[in-house]
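Read through the structure below, which is laid out as structure tokens, and then see the notes.
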Amino acid sequence: QVQLVESGGGLVQPGGSLRLSCAASGFTFSNRVVRWYRQAPGKEREFVARIGSGGWKNYADSVKGRFTISRDNAKNTVALQMNSLEPGDTAVYYCNVEITGTGNYWGQGTQVTVSS
């Protein structure tokens, strides 16, 4: 079955960096768009970044220039490098894949807390 497992979250000071990873299994990873979303307390889940099968990338305006998404098709993983973190980046970060005709899949999430 489809599985997405996020890791790499934690507590970091403002201006710091974290690298999140999403490990995927149960489907053909290399030809799927993979997305990162985040959800802060009391707020709706919001799009952060996505990467296509050919490596094209899109980012939310709020993270452009600070976050970088990448993928390793040999390892079935997608990473989100987060630099210059701000308190407003505090959220649970989720990995997402939509497989046409099958479903919309989410990982369990990883907590990122930016605080001094």
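Here's how to read the names in the structure tokens: chain A, B, ... by the order shown, residue numbers from 1 in each chain, ligand numbers from 1 in the order shown.
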* For A:Val5, list every protein, DNA or RNA residue within 9 Å, evaluated using only C-alpha atoms, and leave out those in the same chain fewer than 6 positions away; present the list as an NGL selection string. => :A and (21-25 or 94-95 or 106-110)
* Asked: Near A:Gly26, within 10 Å and counting only C-alpha atoms, which residues show up once chain neighbours fewer than 4 positions away are dropped, as a list in words?
  ->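 Within the cut-off, the hits are Gln1, Val2, Gln3 and Leu4 of chain A.
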Those same residues, written as a PDB file, in the first residue's frame with C-alpha atoms?
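result_18.pdb was written with the following content:
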ATOM      1  CA  GLN A   1       0.000   0.000   0.000  1.00  0.00           C
ATOM      2  CA  VAL A   2       0.997   3.631  -0.413  1.00  0.00           C
ATOM      3  CA  GLN A   3       3.102   4.914   2.454  1.00  0.00           C
ATOM      4  CA  LEU A   4       4.647   8.321   3.051  1.00  0.00           C
TER       5      LEU A   4
END
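When only C-alpha atoms are used to compute distances to A:Ser115, the closest of the residues A:Gly8, A:Gly16, A:Gly54, A:Gly103 turns out to be A:Gly16.
One distance worth recording is that between atom CA of A:Thr90 and atom CA of A:Val78, which is 20.0 Å.
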* For A:Phe67, please output as a list in words all residues within 10 Å (counting only C-alpha atoms; exclusion window: fewer than 3 positions along the same chain). =>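 Here the qualifying residues turn out to be Ser17, Leu18, Arg19, Val48, Ala49, Tyr59, Ala60, Ser62, Val63, Lys64, Leu80, Gln81, Met82, Asn83, Ser84 and Leu85 of chain A.
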* To do: From the DSSP assignment of the backbone, select every residue of chain A that is strand (DSSP E or B), and format the answer as an MDAnalysis selection string.
  => chainID A and resid 3:7 10:12 18:25 34:39 46:51 57:59 67:72 77:82 91:99 103:106 110:114
* **Spatial neighbours of A:Asp72, 10 Å, only C-alpha atoms, chain gap at least 5 places, as a list in words** =>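 Answer for this query is Ala23, Phe29, Ser30, Gly55, Thr77, Val78 and Ala79 of chain A.
Comparing A:Gly42, A:Leu20, A:Val97, A:Glu86 by their smallest distance to A:Thr68, the closest is A:Leu20 (using only C-alpha atoms).
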* To do: Work out how far atom CA of A:Trp56 is from atom CA of A:Ile69, in Å to one decimal.
  => 9.7 Å
* From the list A:Tyr105, A:Phe27, A:Trp36, A:Tyr93, which residue is nearest A:Ile51 when using only C-alpha atoms? ->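 Comparing A:Tyr105, A:Phe27, A:Trp36, A:Tyr93 against A:Ile51, the winner is A:Trp36.
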* Using only C-alpha atoms, find the one residue out of A:Asp61, A:Gly10, A:Tyr37, A:Asn73 that sits nearest to A:Asn96. => A:Tyr37
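Pairwise distance (atom CA of A:Glu46, atom CA of A:Ala74) equals 28.2 Å.
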* Contacts of A:Arg50 at 7 Å (only C-alpha atoms; same-chain gap of 2+ positions) as a count of residues only -> 8
* **Contact residues around A:Pro41 with only C-alpha atoms at 10 Å, ignoring same-chain residues under 2 positions, as a PyMOL selection string** => chain A and resi 39+43-45+90-92
Selection export as a compact mmCIF listing (two decimals), in the first residue's frame, atoms kept: N, CA and C atoms:
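Output file part_26.txt follows:
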# COMPACT_ATOMS: atom_id res chain seq x y z
N GLN A 39 0.60 22.73 8.33
CA GLN A 39 -0.58 23.19 9.07
C GLN A 39 -0.16 23.70 10.42
N LYS A 43 -4.97 26.91 12.06
CA LYS A 43 -5.01 27.36 10.67
C LYS A 43 -5.27 26.17 9.76
N GLU A 44 -5.68 26.49 8.52
CA GLU A 44 -5.89 25.44 7.54
C GLU A 44 -4.55 24.97 6.98
N ARG A 45 -4.58 23.74 6.47
CA ARG A 45 -3.38 23.21 5.83
C ARG A 45 -3.10 24.02 4.57
N THR A 90 6.48 27.74 11.89
CA THR A 90 6.10 26.70 12.84
C THR A 90 4.81 26.02 12.41
N ALA A 91 4.87 24.71 12.26
CA ALA A 91 3.71 23.95 11.77
C ALA A 91 4.07 22.47 11.76
N VAL A 92 3.05 21.66 11.53
CA VAL A 92 3.29 20.26 11.18
C VAL A 92 3.40 20.19 9.66
